[in-house]
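Q: Provided below: run-v4.cif, containing mmCIF, C-alpha atoms.
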```cif
data_my_file
#
loop_
_atom_site.label_atom_id
_atom_site.label_comp_id
_atom_site.auth_asym_id
_atom_site.auth_seq_id
_atom_site.Cartn_x
_atom_site.Cartn_y
_atom_site.Cartn_z
CA MET A 1 0.00 0.00 0.00
CA ASN A 2 1.27 3.45 -0.86
CA ILE A 3 1.46 5.94 1.96
CA LYS A 4 -1.55 8.25 1.90
CA HIS A 5 -1.21 11.85 3.02
CA PHE A 6 -4.15 13.70 4.55
CA SER A 7 -3.88 17.24 5.85
CA LEU A 8 -5.83 19.42 8.21
CA GLU A 9 -5.67 23.08 7.29
CA GLY A 10 -7.21 26.24 8.65
CA ILE A 11 -6.52 29.30 10.72
CA ASP A 12 -5.10 29.16 14.24
CA GLY A 13 -7.72 27.99 16.72
CA CYS A 14 -9.89 26.15 14.19
CA GLY A 15 -9.31 22.75 15.83
CA LYS A 16 -6.56 21.14 13.74
CA SER A 17 -4.56 19.83 16.71
CA THR A 18 -7.66 18.44 18.41
CA GLN A 19 -8.81 16.72 15.23
CA LEU A 20 -5.32 15.33 14.60
CA ARG A 21 -5.45 13.56 17.97
CA LEU A 22 -9.05 12.35 17.59
CA LEU A 23 -8.56 11.16 14.02
CA ARG A 24 -5.39 9.28 14.83
CA GLU A 25 -7.23 7.33 17.51
CA GLU A 26 -10.13 6.51 15.19
CA ILE A 27 -7.96 5.56 12.22
CA GLU A 28 -5.82 3.27 14.39
CA LYS A 29 -9.02 1.48 15.49
CA CYS A 30 -9.44 0.63 11.79
CA LYS A 31 -6.05 -1.15 11.88
CA PHE A 32 -4.06 1.41 9.90
CA ARG A 33 -0.62 2.55 11.02
CA VAL A 34 -0.88 6.32 11.37
CA ALA A 35 1.77 8.97 11.85
CA ALA A 36 0.33 12.22 13.17
CA LEU A 37 2.61 15.00 11.97
CA CYS A 38 2.67 18.75 12.30
CA SER A 39 4.48 21.47 10.43
CA PRO A 40 6.68 22.66 11.93
CA SER A 41 7.48 19.35 13.62
CA THR A 42 8.41 18.74 17.23
CA SER A 43 12.01 17.92 16.24
CA PRO A 44 14.86 20.29 17.13
CA LEU A 45 14.60 21.77 13.61
CA GLY A 46 10.85 22.26 13.99
CA GLU A 47 11.29 23.90 17.37
CA PHE A 48 13.93 26.23 15.90
CA ILE A 49 11.51 27.22 13.14
CA ARG A 50 8.68 27.78 15.63
CA GLU A 51 10.83 29.96 17.88
CA ASN A 52 12.32 32.04 15.05
CA VAL A 53 9.64 32.10 12.34
CA ARG A 54 9.05 35.86 12.57
CA GLN A 55 12.75 36.73 12.40
CA LEU A 56 13.66 34.50 9.43
CA GLU A 57 13.90 35.83 5.91
CA PRO A 58 11.02 34.41 3.83
CA TRP A 59 13.25 32.24 1.62
CA VAL A 60 15.13 30.85 4.64
CA ARG A 61 11.86 30.12 6.43
CA THR A 62 10.51 28.33 3.35
CA GLU A 63 13.62 26.18 2.93
CA LEU A 64 13.61 25.23 6.61
CA PHE A 65 9.93 24.26 6.47
CA LEU A 66 10.58 22.11 3.39
CA LEU A 67 13.52 20.37 5.06
CA ASP A 68 11.48 19.78 8.21
CA ILE A 69 8.62 18.26 6.19
CA ARG A 70 10.96 15.99 4.22
CA CYS A 71 12.58 14.76 7.44
CA SER A 72 9.13 14.07 8.95
CA ILE A 73 8.04 12.09 5.88
CA GLN A 74 11.24 10.06 5.85
CA GLN A 75 10.98 9.20 9.54
CA ALA A 76 7.27 8.30 9.38
CA SER A 77 7.65 6.14 6.27
CA GLY A 78 10.66 4.44 7.85
CA ASN A 79 8.46 3.55 10.81
CA GLY A 80 5.96 1.76 8.54
CA ALA A 81 3.09 4.27 8.51
CA ASP A 82 0.26 3.65 6.04
CA ILE A 83 -1.26 7.08 6.60
CA LEU A 84 0.41 10.41 7.29
CA LEU A 85 -2.03 12.77 8.93
CA TRP A 86 -0.79 16.38 8.93
CA ASP A 87 -1.59 19.38 11.08
CA ARG A 88 -0.66 21.86 8.32
CA TYR A 89 1.09 20.69 5.20
CA VAL A 90 1.60 22.05 1.66
CA ASP A 91 -1.34 24.46 1.59
CA SER A 92 0.05 26.41 4.53
CA PHE A 93 2.93 27.64 2.39
CA TYR A 94 0.54 29.84 0.43
CA ALA A 95 -2.06 30.52 3.13
CA SER A 96 0.44 31.75 5.73
CA ASN A 97 2.84 33.73 3.56
CA PRO A 98 1.52 37.06 2.25
CA GLU A 99 4.58 37.47 0.02
CA MET A 100 3.89 34.18 -1.83
CA THR A 101 1.59 33.63 -4.80
CA GLU A 102 -0.40 30.43 -5.37
CA GLU A 103 1.85 29.61 -8.32
CA GLU A 104 5.03 30.06 -6.24
CA ALA A 105 3.62 27.81 -3.52
CA GLU A 106 2.79 25.17 -6.12
CA LEU A 107 6.37 25.26 -7.46
CA ILE A 108 7.94 25.20 -3.99
CA THR A 109 5.95 22.13 -2.94
CA ALA A 110 6.09 20.31 -6.31
CA ASN A 111 8.49 17.65 -5.01
CA LEU A 112 6.44 16.82 -1.93
CA PRO A 113 3.76 14.13 -2.03
CA LYS A 114 0.37 15.72 -2.61
CA PRO A 115 -2.33 15.04 -0.04
CA THR A 116 -4.99 12.55 -1.03
CA LYS A 117 -7.43 14.91 0.68
CA THR A 118 -7.05 18.19 2.50
CA PHE A 119 -9.62 19.10 5.12
CA PHE A 120 -10.11 22.83 5.46
CA LEU A 121 -11.51 23.50 8.92
CA ASP A 122 -13.40 26.64 8.05
CA ILE A 123 -14.14 29.15 10.77
CA GLU A 124 -14.24 32.93 10.90
CA PRO A 125 -11.32 34.64 12.64
CA ARG A 126 -13.68 36.81 14.71
CA TYR A 127 -15.32 33.65 16.10
CA VAL A 128 -11.91 32.25 17.08
CA PHE A 129 -10.94 35.47 18.85
CA SER A 130 -14.25 35.68 20.72
CA GLU A 131 -14.99 32.01 21.48
CA ARG A 132 -11.62 30.24 21.40
CA ALA A 133 -9.19 32.98 22.43
CA GLN A 134 -7.54 30.68 24.99
CA VAL A 135 -6.16 28.43 22.22
CA VAL A 136 -4.84 31.20 19.96
CA ASP A 137 -1.18 32.15 20.14
CA HIS A 138 -0.88 35.59 21.71
CA HIS A 139 1.15 36.70 18.68
CA CYS A 140 -1.73 36.09 16.27
CA ASP A 141 -2.86 39.18 14.47
CA PRO A 142 -6.54 39.39 13.44
CA LYS A 143 -5.57 40.90 10.08
CA TRP A 144 -3.13 38.05 9.37
CA MET A 145 -5.75 35.48 10.40
CA ALA A 146 -8.27 37.09 8.04
CA MET A 147 -5.71 36.94 5.21
CA LYS A 148 -5.10 33.24 5.92
CA ALA A 149 -8.84 32.52 5.90
CA THR A 150 -9.22 34.29 2.54
CA ARG A 151 -6.26 32.40 1.07
CA TYR A 152 -7.65 29.05 2.23
CA GLN A 153 -10.93 29.92 0.52
CA ALA A 154 -8.97 30.59 -2.70
CA LEU A 155 -7.27 27.18 -2.40
CA LEU A 156 -10.63 25.51 -1.85
CA THR A 157 -11.77 26.97 -5.17
CA ARG A 158 -8.51 26.06 -6.94
CA TYR A 159 -8.43 22.42 -5.75
CA PRO A 160 -12.08 21.31 -5.40
CA GLU A 161 -11.22 17.65 -6.09
CA ARG A 162 -8.70 17.51 -3.23
CA MET A 163 -9.95 20.00 -0.66
CA VAL A 164 -12.97 19.36 1.52
CA ARG A 165 -14.56 22.21 3.48
CA ILE A 166 -15.53 21.28 7.03
CA ASP A 167 -17.54 23.67 9.21
CA ALA A 168 -15.23 23.98 12.22
CA ARG A 169 -18.01 25.34 14.46
CA GLN A 170 -19.63 21.90 14.64
CA GLU A 171 -19.14 19.55 17.58
CA GLN A 172 -15.73 17.84 17.64
CA GLY A 173 -17.19 14.34 17.19
CA VAL A 174 -19.21 15.42 14.16
CA ILE A 175 -16.11 16.91 12.54
CA THR A 176 -14.07 13.79 13.31
CA ASN A 177 -16.70 11.52 11.75
CA GLN A 178 -16.98 13.64 8.60
CA ILE A 179 -13.22 13.59 8.05
CA LEU A 180 -12.89 9.92 8.99
CA GLN A 181 -15.44 8.90 6.34
CA HIS A 182 -13.39 10.62 3.63
CA ILE A 183 -10.16 9.02 4.84
CA LEU A 184 -11.61 5.52 5.02
CA ALA A 185 -13.13 5.90 1.54
CA ALA A 186 -9.66 6.71 0.17
CA CYS A 187 -7.95 3.81 2.00
CA PRO A 188 -9.66 0.54 1.01
#
```
Represent the structure from my file as structure tokens, please.

A:
Amino acid sequence: MNIKHFSLEGIDGCGKSTQLRLLREEIEKCKFRVAALCSPSTSPLGEFIRENVRQLEPWVRTELFLLDIRCSIQQASGNGADILLWDRYVDSFYASNPEMTEEEAELITANLPKPTKTFFLDIEPRYVFSERAQVVDHHCDPKWMAMKATRYQALLTRYPERMVRIDARQEQGVITNQILQHILAACP
């Protein structure tokens, strides 16, 4: 079986990390070997990126993210994973970088495996700041979050066959079940 990549995308506070944990548990119950990954990773390189992301030049930041992702893929595939489940993956390059065009993001990520499906956890930034403020990084800027939300909407339009919009204001279990059904359908 080829390794399948599935990604969770969306603005900060939309529930990606929660869904990553819940989905991993559910997918493992179905006897698949799952690697739950995040970008940046929890490796020393990923931690360096996380701590310095705002100080890095855009091209340096991009190259470090790519290296971190490649290392994560190599490690997970070496550990026998059937499914790689990402908290942020290729679509974040465009959504999070105001200086990058969709075409540039496509070129930058061309050598990475494309996700079988990407689940866009759609939620309005103002809802996150009012109802989920405790989970949002104190450095998050409402304007930047709004830009990310708009860019994810553009990606949803550009890749309708790959991207699935999920209403992130639904109950966690409902969201998990919706995503799980798509994953299981793609992994016979």

Q: Report as a list in words all protein, DNA and RNA residues lying within 8 Å of Met163 in chain A, evaluated on only C-alpha atoms, omitting residues in the same chain fewer than 6 positions from it.

A: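 Those residues are Lys117, Thr118, Phe119, Phe120, Leu155 and Leu156 of chain A.
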
Q: I need the residue nearest Lys4 in chain A from this list: A:Ser72, A:Leu66, A:Leu184, A:Thr42. Use all atoms listed in the file for the distance.

A: A:Leu184

Q: Would you write out, as a tab-separated table (two decimals) with C-alpha atoms, keeping the file's coordinate frame, every residue that the PyMOL selection byres ((chain A and resi 171-183) around 8) captures in this file?

A:
```tsv
chain	number	residue	atom	x	y	z
A	6	PHE	CA	-4.15	13.70	4.55
A	19	GLN	CA	-8.81	16.72	15.23
A	22	LEU	CA	-9.05	12.35	17.59
A	23	LEU	CA	-8.56	11.16	14.02
A	26	GLU	CA	-10.13	6.51	15.19
A	27	ILE	CA	-7.96	5.56	12.22
A	117	LYS	CA	-7.43	14.91	0.68
A	119	PHE	CA	-9.62	19.10	5.12
A	166	ILE	CA	-15.53	21.28	7.03
A	167	ASP	CA	-17.54	23.67	9.21
A	168	ALA	CA	-15.23	23.98	12.22
A	169	ARG	CA	-18.01	25.34	14.46
A	170	GLN	CA	-19.63	21.90	14.64
A	184	LEU	CA	-11.61	5.52	5.02
A	185	ALA	CA	-13.13	5.90	1.54
A	186	ALA	CA	-9.66	6.71	0.17
A	187	CYS	CA	-7.95	3.81	2.00
```

Q: Can you tell me which residues surround Pro142 in chain A at a distance of at most 7 Å, considering all atoms listed in the file, apart from same-chain residues fewer than 3 positions away, and format the answer as a list in words?

A: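 Contacts, in chain order: Pro125, Met145 and Ala146 of chain A.
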
Q: Care to translate the PyMOL selection byres ((chain A and resi 111) around 12) into actual residues of this file, as a PyMOL selection string?

A: chain A and resi 66-67+69-70+90+105-110+112-114

Q: I'd like the residues picked by the PyMOL selection byres ((chain A and resi 11) around 8) written out as a list in words, using the chain letters and numbers from the file.

A: Glu9, Gly10, Asp12, Gly13, Cys14, Leu121, Asp122, Ile123, Pro125, Met145, Lys148 and Ala149 of chain A

Q: Which residue gives the smallest distance to Val34 in chain A among A:Arg151, A:Lys143, A:Arg21, A:Arg162, with only C-alpha atoms counted?

A: A:Arg21

Q: Can you tell me how far CA of Gln153 in chain A sits from CA of Ala95 in chain A, in Å to one decimal?

A: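 The value is 9.3 Å.
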
Q: Between CA of Asp141 in chain A and CA of Glu51 in chain A, what distance in Å does the model show, to one decimal?

A: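 Value for the CA of Asp141 in chain A-CA of Glu51 in chain A distance: 16.9 Å.
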
Q: Nearest to Glu57 in chain A: which of A:Thr150, A:Leu45, A:Glu99, A:Phe32 is it, counting all atoms listed in the file?

A: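 So, comparing all the options, the nearest one is A:Glu99.
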
Q: I want to know what sits within 8 Å of range 36-40 of chain A, based on only C-alpha atoms, with residues of the same chain fewer than 5 positions away left out; could you give that as a PyMOL selection string?

A: chain A and resi 20-21+24+46-47+49-50+65+68-69+72+84-89

Q: Quote the spacing between CA of Pro58 in chain A and CA of Glu102 in chain A in Å to one decimal place.

A: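 Going from CA of Pro58 in chain A over to CA of Glu102 in chain A covers 15.2 Å.
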
Q: Looking at only C-alpha atoms, which of A:Arg61, A:Trp144, A:Gln75, A:Ile83 is the one that sits closest to Asn2 in chain A?

A: A:Ile83

Q: Ranking A:Arg33, A:Ser96, A:Glu103, A:Glu124 by minimum distance to Arg158 in chain A and counting all atoms listed in the file, which one comes first?

A: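 Result for the nearest residue to Arg158 in chain A: A:Glu103.
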
Q: What does range 145-162 of chain A look like written to a file with N, CA and C atoms, as a tab-separated table (two decimals), in the first residue's frame?

A:
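Generated file (selection_34.tsv):
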```
chain	number	residue	atom	x	y	z
A	145	MET	N	-4.82	36.61	10.38
A	145	MET	CA	-5.75	35.48	10.40
A	145	MET	C	-6.80	35.63	9.30
A	146	ALA	N	-7.28	36.85	9.09
A	146	ALA	CA	-8.27	37.09	8.04
A	146	ALA	C	-7.66	36.82	6.67
A	147	MET	N	-6.39	37.21	6.47
A	147	MET	CA	-5.71	36.94	5.21
A	147	MET	C	-5.60	35.43	4.98
A	148	LYS	N	-5.22	34.70	6.03
A	148	LYS	CA	-5.10	33.24	5.92
A	148	LYS	C	-6.45	32.62	5.54
A	149	ALA	N	-7.51	33.06	6.19
A	149	ALA	CA	-8.84	32.52	5.90
A	149	ALA	C	-9.21	32.77	4.43
A	150	THR	N	-8.93	33.96	3.94
A	150	THR	CA	-9.22	34.29	2.54
A	150	THR	C	-8.40	33.43	1.59
A	151	ARG	N	-7.13	33.22	1.92
A	151	ARG	CA	-6.26	32.40	1.07
A	151	ARG	C	-6.68	30.93	1.08
A	152	TYR	N	-7.14	30.44	2.21
A	152	TYR	CA	-7.65	29.05	2.23
A	152	TYR	C	-8.89	28.93	1.37
A	153	GLN	N	-9.74	29.94	1.38
A	153	GLN	CA	-10.93	29.92	0.52
A	153	GLN	C	-10.52	29.86	-0.96
A	154	ALA	N	-9.47	30.61	-1.32
A	154	ALA	CA	-8.97	30.59	-2.70
A	154	ALA	C	-8.46	29.20	-3.07
A	155	LEU	N	-7.78	28.54	-2.14
A	155	LEU	CA	-7.27	27.18	-2.40
A	155	LEU	C	-8.41	26.18	-2.54
A	156	LEU	N	-9.46	26.38	-1.76
A	156	LEU	CA	-10.63	25.51	-1.85
A	156	LEU	C	-11.24	25.59	-3.25
A	157	THR	N	-11.26	26.78	-3.82
A	157	THR	CA	-11.77	26.97	-5.17
A	157	THR	C	-10.80	26.38	-6.21
A	158	ARG	N	-9.52	26.53	-5.98
A	158	ARG	CA	-8.51	26.06	-6.94
A	158	ARG	C	-8.40	24.53	-6.98
A	159	TYR	N	-8.60	23.88	-5.84
A	159	TYR	CA	-8.43	22.42	-5.75
A	159	TYR	C	-9.70	21.74	-5.22
A	160	PRO	N	-10.82	21.87	-5.92
A	160	PRO	CA	-12.08	21.31	-5.40
A	160	PRO	C	-12.08	19.79	-5.32
A	161	GLU	N	-11.26	19.12	-6.11
A	161	GLU	CA	-11.22	17.65	-6.09
A	161	GLU	C	-10.43	17.12	-4.89
A	162	ARG	N	-9.56	17.94	-4.35
A	162	ARG	CA	-8.70	17.51	-3.23
A	162	ARG	C	-9.15	18.09	-1.90
```
